[in-house]
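To keep things clear, I will list the structure first and then write my remarks on it.
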Amino acid sequence: MTLRIDAKNMHYTPLNQQIKAAVADGVKEIVLDNVLGQRFIADGLRGDDVRIVINGVPGGDLAMLMNGPTCIVHGNGEHAPGNTMNSGLLVIHGSAGDAVAHGMRGGKVYIRNNIGYRGGIHMKQYDLDARPVLVIGGTAHSFLGEYMAGGLVLVLGIGLEKSMTDRGIGSGIHGGEIIIRGEVEDHLLGVGAKKFEFTEADLERIKPEIEGFCARFGLDPTEFLDTNYTRIAPSSSRPFAGKYVWE
């Protein structure tokens with residue numbers, strides 16, 4: 001059963017109430033047309049078999065605290081899509097704003113093009129079954145992966161000469177990893193971030209994420225299945241330990 005909602009000129013509160021009521025009644029697919037800035041869509045929704053399709057540009061905190069559903073956006077995203085997401089899949093067929101995947105705790109977020117500042121900030125991982133993944137098709141602005149405590153951020157740099165040119169990558173990182181296609185200049189790294197050799201074993205680990213991302217956007221994954229990546233991870237578990245003075 002599919003429910004179609006015309007969200008034109010709707011306030012976000014009744015829109016989200018209607019979505020949650022439909023899911024509670026057993027609706028498995030909801031298509032939202034003419035979305036323009038409505039916030040909090042799919043927040044807290046549960047159900048591995050629930051699918052939300054958004055035609056337009058949703059507002060901030062899309063899929064926040066989402067548990068299981070698939071949310072597909074045919075357009076751009078605003079601030080903090082995937083904020084504290086627990087599980088599920090968020091796919092954006094465009095670009096997104098700042099703080100993408102903020103505090104994300106599980107599931108996957110795929111952004112076809114670019115994101116803003118502080119993408120992946122405070123991402124964390126609880127166990128092997130709760131490892132958040134953020135894949136960016138284009139590039140990201142400064143402080144990507146800031147204060148990361150777990151999970152994976154993958155930047156493919158599609159169509160770009162350099163995947164990353166903004167600074168502060170991994171600033172304060174103390175868990176997880178950031179993998180960027182191509183070379184990353186040393187001065188772009190943030191405090192506590194360190195470059196490591198990218199190996200064939202690393203490629204095997206991220207291969208499913210590359211293939212999953214490409215399948216969603218109709219791309220050929222073979223272009224990205226090589227070892228031309230830079231792996232960035234914590235230099236220690238306490239990146240700012242030297243900043244404190246103890247008496």
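By convention in this document, the chains of the structure tokens carry letters A, B, ... by their order, each chain's residues are numbered from 1, and ligands are numbered from 1 in the order they are shown.
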
Determine which residues of segment 66-211 of chain A DSSP labels as strand (DSSP E or B) from the backbone of this structure, then write them out as number ranges by chain. A: 67-74, 87-92, 108-111, 133-136, 149-155, 169, 175-181, 189, 193-196

Filtering to N, CA and C atoms, could you give me those residues as a compact mmCIF listing (two decimals), in the first residue's frame?
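Wrote out-v7.txt, looks like this:
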```
# COMPACT_ATOMS: atom_id res chain seq x y z
N ASN A 67 14.83 4.72 12.86
CA ASN A 67 15.17 3.34 13.21
C ASN A 67 14.67 2.38 12.14
N GLY A 68 15.42 2.23 11.06
CA GLY A 68 15.13 1.19 10.10
C GLY A 68 14.61 1.58 8.74
N PRO A 69 13.74 2.59 8.60
CA PRO A 69 13.17 2.89 7.29
C PRO A 69 14.21 3.32 6.25
N THR A 70 13.77 3.29 4.99
CA THR A 70 14.54 3.86 3.89
C THR A 70 13.89 5.19 3.51
N CYS A 71 14.70 6.24 3.43
CA CYS A 71 14.20 7.57 3.08
C CYS A 71 14.98 8.07 1.87
N ILE A 72 14.28 8.34 0.78
CA ILE A 72 14.92 8.75 -0.47
C ILE A 72 14.45 10.15 -0.84
N VAL A 73 15.41 11.03 -1.08
CA VAL A 73 15.12 12.42 -1.42
C VAL A 73 15.51 12.69 -2.87
N HIS A 74 14.53 13.07 -3.69
CA HIS A 74 14.80 13.48 -5.07
C HIS A 74 14.90 15.00 -5.07
N SER A 87 19.40 3.61 12.66
CA SER A 87 19.50 2.57 11.64
C SER A 87 18.63 2.97 10.47
N GLY A 88 18.83 2.28 9.35
CA GLY A 88 18.08 2.59 8.14
C GLY A 88 18.98 3.17 7.07
N LEU A 89 18.37 3.72 6.04
CA LEU A 89 19.10 4.27 4.89
C LEU A 89 18.49 5.60 4.49
N LEU A 90 19.35 6.61 4.33
CA LEU A 90 18.95 7.92 3.83
C LEU A 90 19.73 8.21 2.56
N VAL A 91 19.02 8.43 1.46
CA VAL A 91 19.63 8.67 0.16
C VAL A 91 19.18 10.03 -0.34
N ILE A 92 20.13 10.91 -0.66
CA ILE A 92 19.81 12.24 -1.17
C ILE A 92 20.40 12.39 -2.57
N LYS A 108 23.05 4.06 7.22
CA LYS A 108 23.85 4.62 6.13
C LYS A 108 23.21 5.90 5.60
N VAL A 109 24.04 6.87 5.27
CA VAL A 109 23.62 8.10 4.60
C VAL A 109 24.43 8.25 3.32
N TYR A 110 23.74 8.32 2.19
CA TYR A 110 24.39 8.50 0.89
C TYR A 110 23.99 9.87 0.33
N ILE A 111 24.99 10.71 0.05
CA ILE A 111 24.76 12.03 -0.56
C ILE A 111 25.40 12.02 -1.95
N VAL A 133 27.63 4.82 8.54
CA VAL A 133 28.38 5.04 7.31
C VAL A 133 27.83 6.27 6.60
N LEU A 134 28.69 7.21 6.27
CA LEU A 134 28.35 8.39 5.48
C LEU A 134 29.19 8.36 4.21
N VAL A 135 28.54 8.29 3.05
CA VAL A 135 29.25 8.31 1.77
C VAL A 135 28.86 9.58 1.03
N ILE A 136 29.88 10.33 0.61
CA ILE A 136 29.70 11.62 -0.08
C ILE A 136 30.23 11.46 -1.50
N ALA A 149 33.90 9.55 16.80
CA ALA A 149 34.19 8.52 17.79
C ALA A 149 34.00 7.12 17.21
N GLY A 150 33.56 7.03 15.97
CA GLY A 150 33.35 5.73 15.35
C GLY A 150 32.67 5.87 14.01
N GLY A 151 32.65 4.77 13.25
CA GLY A 151 31.98 4.78 11.96
C GLY A 151 32.93 5.08 10.81
N LEU A 152 32.34 5.27 9.64
CA LEU A 152 33.10 5.51 8.40
C LEU A 152 32.53 6.70 7.66
N VAL A 153 33.41 7.61 7.25
CA VAL A 153 33.07 8.67 6.31
C VAL A 153 33.89 8.42 5.05
N LEU A 154 33.22 8.31 3.92
CA LEU A 154 33.88 8.02 2.64
C LEU A 154 33.56 9.12 1.65
N VAL A 155 34.61 9.71 1.06
CA VAL A 155 34.47 10.81 0.10
C VAL A 155 35.01 10.34 -1.25
N ILE A 169 40.19 18.43 8.50
CA ILE A 169 39.66 17.08 8.35
C ILE A 169 39.99 16.25 9.60
N GLY A 175 38.04 8.10 17.13
CA GLY A 175 37.52 6.80 16.76
C GLY A 175 36.99 6.85 15.34
N GLY A 176 36.85 5.69 14.71
CA GLY A 176 36.36 5.66 13.35
C GLY A 176 37.43 6.01 12.33
N GLU A 177 37.01 6.24 11.08
CA GLU A 177 37.95 6.53 10.02
C GLU A 177 37.29 7.36 8.92
N ILE A 178 38.12 8.15 8.25
CA ILE A 178 37.71 8.96 7.11
C ILE A 178 38.55 8.51 5.93
N ILE A 179 37.90 8.09 4.86
CA ILE A 179 38.61 7.60 3.68
C ILE A 179 38.25 8.49 2.50
N ILE A 180 39.26 9.06 1.88
CA ILE A 180 39.07 10.07 0.84
C ILE A 180 39.78 9.63 -0.43
N ARG A 181 39.07 9.67 -1.54
CA ARG A 181 39.67 9.25 -2.81
C ARG A 181 40.75 10.24 -3.23
N LEU A 189 44.73 18.35 7.45
CA LEU A 189 44.34 17.53 8.59
C LEU A 189 44.14 18.37 9.84
N ALA A 193 44.31 14.04 13.88
CA ALA A 193 44.10 13.20 12.71
C ALA A 193 45.44 12.82 12.09
N LYS A 194 45.52 11.60 11.59
CA LYS A 194 46.77 11.10 11.00
C LYS A 194 46.45 10.27 9.77
N LYS A 195 47.30 10.39 8.76
CA LYS A 195 47.14 9.60 7.54
C LYS A 195 47.80 8.24 7.72
N PHE A 196 47.11 7.20 7.21
CA PHE A 196 47.63 5.84 7.25
C PHE A 196 47.61 5.26 5.83
```

Selection: 9 Å around Gly190 of chain A, only C-alpha atoms, excl. self and same-chain fewer than 5 positions, as a PyMOL selection string: chain A and resi 143+146+167-173

Write a file of the just-selected residues containing N, CA and C atoms, as a PDB file, in the first residue's frame.
```pdb
ATOM      1  N   PHE A 143      36.208  20.793   8.445  1.00  0.00           N
ATOM      2  CA  PHE A 143      35.926  20.038   9.666  1.00  0.00           C
ATOM      3  C   PHE A 143      35.077  18.791   9.414  1.00  0.00           C
ATOM      4  N   GLU A 146      34.692  15.870  12.343  1.00  0.00           N
ATOM      5  CA  GLU A 146      35.159  16.497  13.578  1.00  0.00           C
ATOM      6  C   GLU A 146      34.659  15.710  14.794  1.00  0.00           C
ATOM      7  N   ARG A 167      40.040  22.571   5.033  1.00  0.00           N
ATOM      8  CA  ARG A 167      40.909  22.180   6.152  1.00  0.00           C
ATOM      9  C   ARG A 167      40.135  21.538   7.295  1.00  0.00           C
ATOM     10  N   GLY A 168      40.883  21.111   8.313  1.00  0.00           N
ATOM     11  CA  GLY A 168      40.300  20.618   9.553  1.00  0.00           C
ATOM     12  C   GLY A 168      39.740  19.217   9.465  1.00  0.00           C
ATOM     13  N   ILE A 169      40.188  18.427   8.500  1.00  0.00           N
ATOM     14  CA  ILE A 169      39.661  17.076   8.346  1.00  0.00           C
ATOM     15  C   ILE A 169      39.989  16.247   9.596  1.00  0.00           C
ATOM     16  N   GLY A 170      38.970  15.692  10.215  1.00  0.00           N
ATOM     17  CA  GLY A 170      39.186  14.833  11.379  1.00  0.00           C
ATOM     18  C   GLY A 170      39.641  15.561  12.622  1.00  0.00           C
ATOM     19  N   SER A 171      39.360  16.824  12.744  1.00  0.00           N
ATOM     20  CA  SER A 171      39.788  17.565  13.926  1.00  0.00           C
ATOM     21  C   SER A 171      39.170  16.965  15.186  1.00  0.00           C
ATOM     22  N   GLY A 172      40.004  16.523  16.111  1.00  0.00           N
ATOM     23  CA  GLY A 172      39.530  15.927  17.349  1.00  0.00           C
ATOM     24  C   GLY A 172      39.059  14.493  17.212  1.00  0.00           C
ATOM     25  N   ILE A 173      39.337  13.844  16.095  1.00  0.00           N
ATOM     26  CA  ILE A 173      38.887  12.476  15.885  1.00  0.00           C
ATOM     27  C   ILE A 173      39.533  11.545  16.909  1.00  0.00           C
TER      28      ILE A 173
END
```

Take atom CA of Val53 of chain A and atom CA of Gly157 of chain A and report the distance between them in Å, one decimal.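 These atoms are spaced 25.8 Å apart.
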
Would you mind reading off the distance between atom CA of Val27 of chain A and atom CA of Arg112 of chain A, one decimal, in Å?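 According to the coordinates, atom CA of Val27 of chain A and atom CA of Arg112 of chain A are separated by 27.6 Å.
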
Report as a list of chain:residue names: the residues of segment 97-201 of chain A with a DSSP assignment of helix (DSSP H, G or I), based on the backbone of this structure. A:Asp186, A:His187, A:Leu188, A:Glu200, A:Ala201

Between A:His93, A:Arg39, A:Arg105, A:Arg216, which has the minimum distance to Asp127 of chain A (counting only C-alpha atoms)? A:Arg105

Could you tell me which of A:Pro58, A:Gly97, A:Pro239, A:Gly116 comes closest to Asp33 of chain A if we count only C-alpha atoms?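 Between A:Pro58, A:Gly97, A:Pro239, A:Gly116, the residue approaching Asp33 of chain A most closely is A:Pro58.
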
I want to know what sits within 10 Å of Ile210 of chain A, based on only C-alpha atoms, with residues of the same chain fewer than 3 positions away left out; could you give that as a PDB file with N, CA and C atoms, in the first residue's frame?
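As a result, out.pdb now contains:
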```
ATOM      1  N   VAL A 135      28.539   8.295   3.052  1.00  0.00           N
ATOM      2  CA  VAL A 135      29.248   8.313   1.770  1.00  0.00           C
ATOM      3  C   VAL A 135      28.860   9.581   1.025  1.00  0.00           C
ATOM      4  N   GLY A 137      29.366  11.667  -2.487  1.00  0.00           N
ATOM      5  CA  GLY A 137      29.798  11.488  -3.867  1.00  0.00           C
ATOM      6  C   GLY A 137      30.739  12.573  -4.343  1.00  0.00           C
ATOM      7  N   LEU A 154      33.219   8.313   3.919  1.00  0.00           N
ATOM      8  CA  LEU A 154      33.878   8.017   2.645  1.00  0.00           C
ATOM      9  C   LEU A 154      33.563   9.124   1.650  1.00  0.00           C
ATOM     10  N   LEU A 156      34.152  10.351  -2.282  1.00  0.00           N
ATOM     11  CA  LEU A 156      34.551   9.825  -3.585  1.00  0.00           C
ATOM     12  C   LEU A 156      35.043  10.897  -4.553  1.00  0.00           C
ATOM     13  N   LEU A 203      40.407  -1.686   1.007  1.00  0.00           N
ATOM     14  CA  LEU A 203      39.516  -1.614  -0.145  1.00  0.00           C
ATOM     15  C   LEU A 203      38.414  -2.664  -0.046  1.00  0.00           C
ATOM     16  N   ARG A 205      37.180  -3.806   2.638  1.00  0.00           N
ATOM     17  CA  ARG A 205      36.260  -3.391   3.703  1.00  0.00           C
ATOM     18  C   ARG A 205      35.238  -2.381   3.207  1.00  0.00           C
ATOM     19  N   ILE A 206      35.685  -1.461   2.346  1.00  0.00           N
ATOM     20  CA  ILE A 206      34.778  -0.403   1.902  1.00  0.00           C
ATOM     21  C   ILE A 206      34.079  -0.741   0.586  1.00  0.00           C
ATOM     22  N   LYS A 207      34.479  -1.841  -0.042  1.00  0.00           N
ATOM     23  CA  LYS A 207      33.877  -2.218  -1.330  1.00  0.00           C
ATOM     24  C   LYS A 207      32.356  -2.302  -1.261  1.00  0.00           C
ATOM     25  N   PHE A 213      26.468   2.487  -2.735  1.00  0.00           N
ATOM     26  CA  PHE A 213      26.295   3.879  -3.141  1.00  0.00           C
ATOM     27  C   PHE A 213      26.059   3.957  -4.648  1.00  0.00           C
ATOM     28  N   CYS A 214      26.893   3.312  -5.417  1.00  0.00           N
ATOM     29  CA  CYS A 214      26.787   3.371  -6.882  1.00  0.00           C
ATOM     30  C   CYS A 214      25.480   2.772  -7.372  1.00  0.00           C
ATOM     31  N   ALA A 215      25.017   1.710  -6.728  1.00  0.00           N
ATOM     32  CA  ALA A 215      23.756   1.092  -7.130  1.00  0.00           C
ATOM     33  C   ALA A 215      22.597   2.065  -6.956  1.00  0.00           C
ATOM     34  N   LEU A 219      25.612   4.463 -10.899  1.00  0.00           N
ATOM     35  CA  LEU A 219      27.012   4.674 -11.257  1.00  0.00           C
ATOM     36  C   LEU A 219      27.737   3.338 -11.397  1.00  0.00           C
ATOM     37  N   ASP A 220      28.822   3.347 -12.155  1.00  0.00           N
ATOM     38  CA  ASP A 220      29.650   2.151 -12.317  1.00  0.00           C
ATOM     39  C   ASP A 220      30.668   2.104 -11.180  1.00  0.00           C
ATOM     40  N   PRO A 221      30.612   1.111 -10.299  1.00  0.00           N
ATOM     41  CA  PRO A 221      31.524   1.086  -9.153  1.00  0.00           C
ATOM     42  C   PRO A 221      32.965   0.765  -9.499  1.00  0.00           C
ATOM     43  N   THR A 222      33.215   0.199 -10.685  1.00  0.00           N
ATOM     44  CA  THR A 222      34.591  -0.205 -11.019  1.00  0.00           C
ATOM     45  C   THR A 222      35.554   0.976 -11.024  1.00  0.00           C
ATOM     46  N   GLU A 223      35.043   2.164 -11.308  1.00  0.00           N
ATOM     47  CA  GLU A 223      35.888   3.366 -11.315  1.00  0.00           C
ATOM     48  C   GLU A 223      36.502   3.647  -9.949  1.00  0.00           C
ATOM     49  N   PHE A 224      35.835   3.175  -8.894  1.00  0.00           N
ATOM     50  CA  PHE A 224      36.259   3.507  -7.534  1.00  0.00           C
ATOM     51  C   PHE A 224      36.888   2.323  -6.798  1.00  0.00           C
ATOM     52  N   LEU A 225      37.035   1.194  -7.466  1.00  0.00           N
ATOM     53  CA  LEU A 225      37.544  -0.001  -6.795  1.00  0.00           C
ATOM     54  C   LEU A 225      39.039  -0.157  -7.021  1.00  0.00           C
TER      55      LEU A 225
END
```
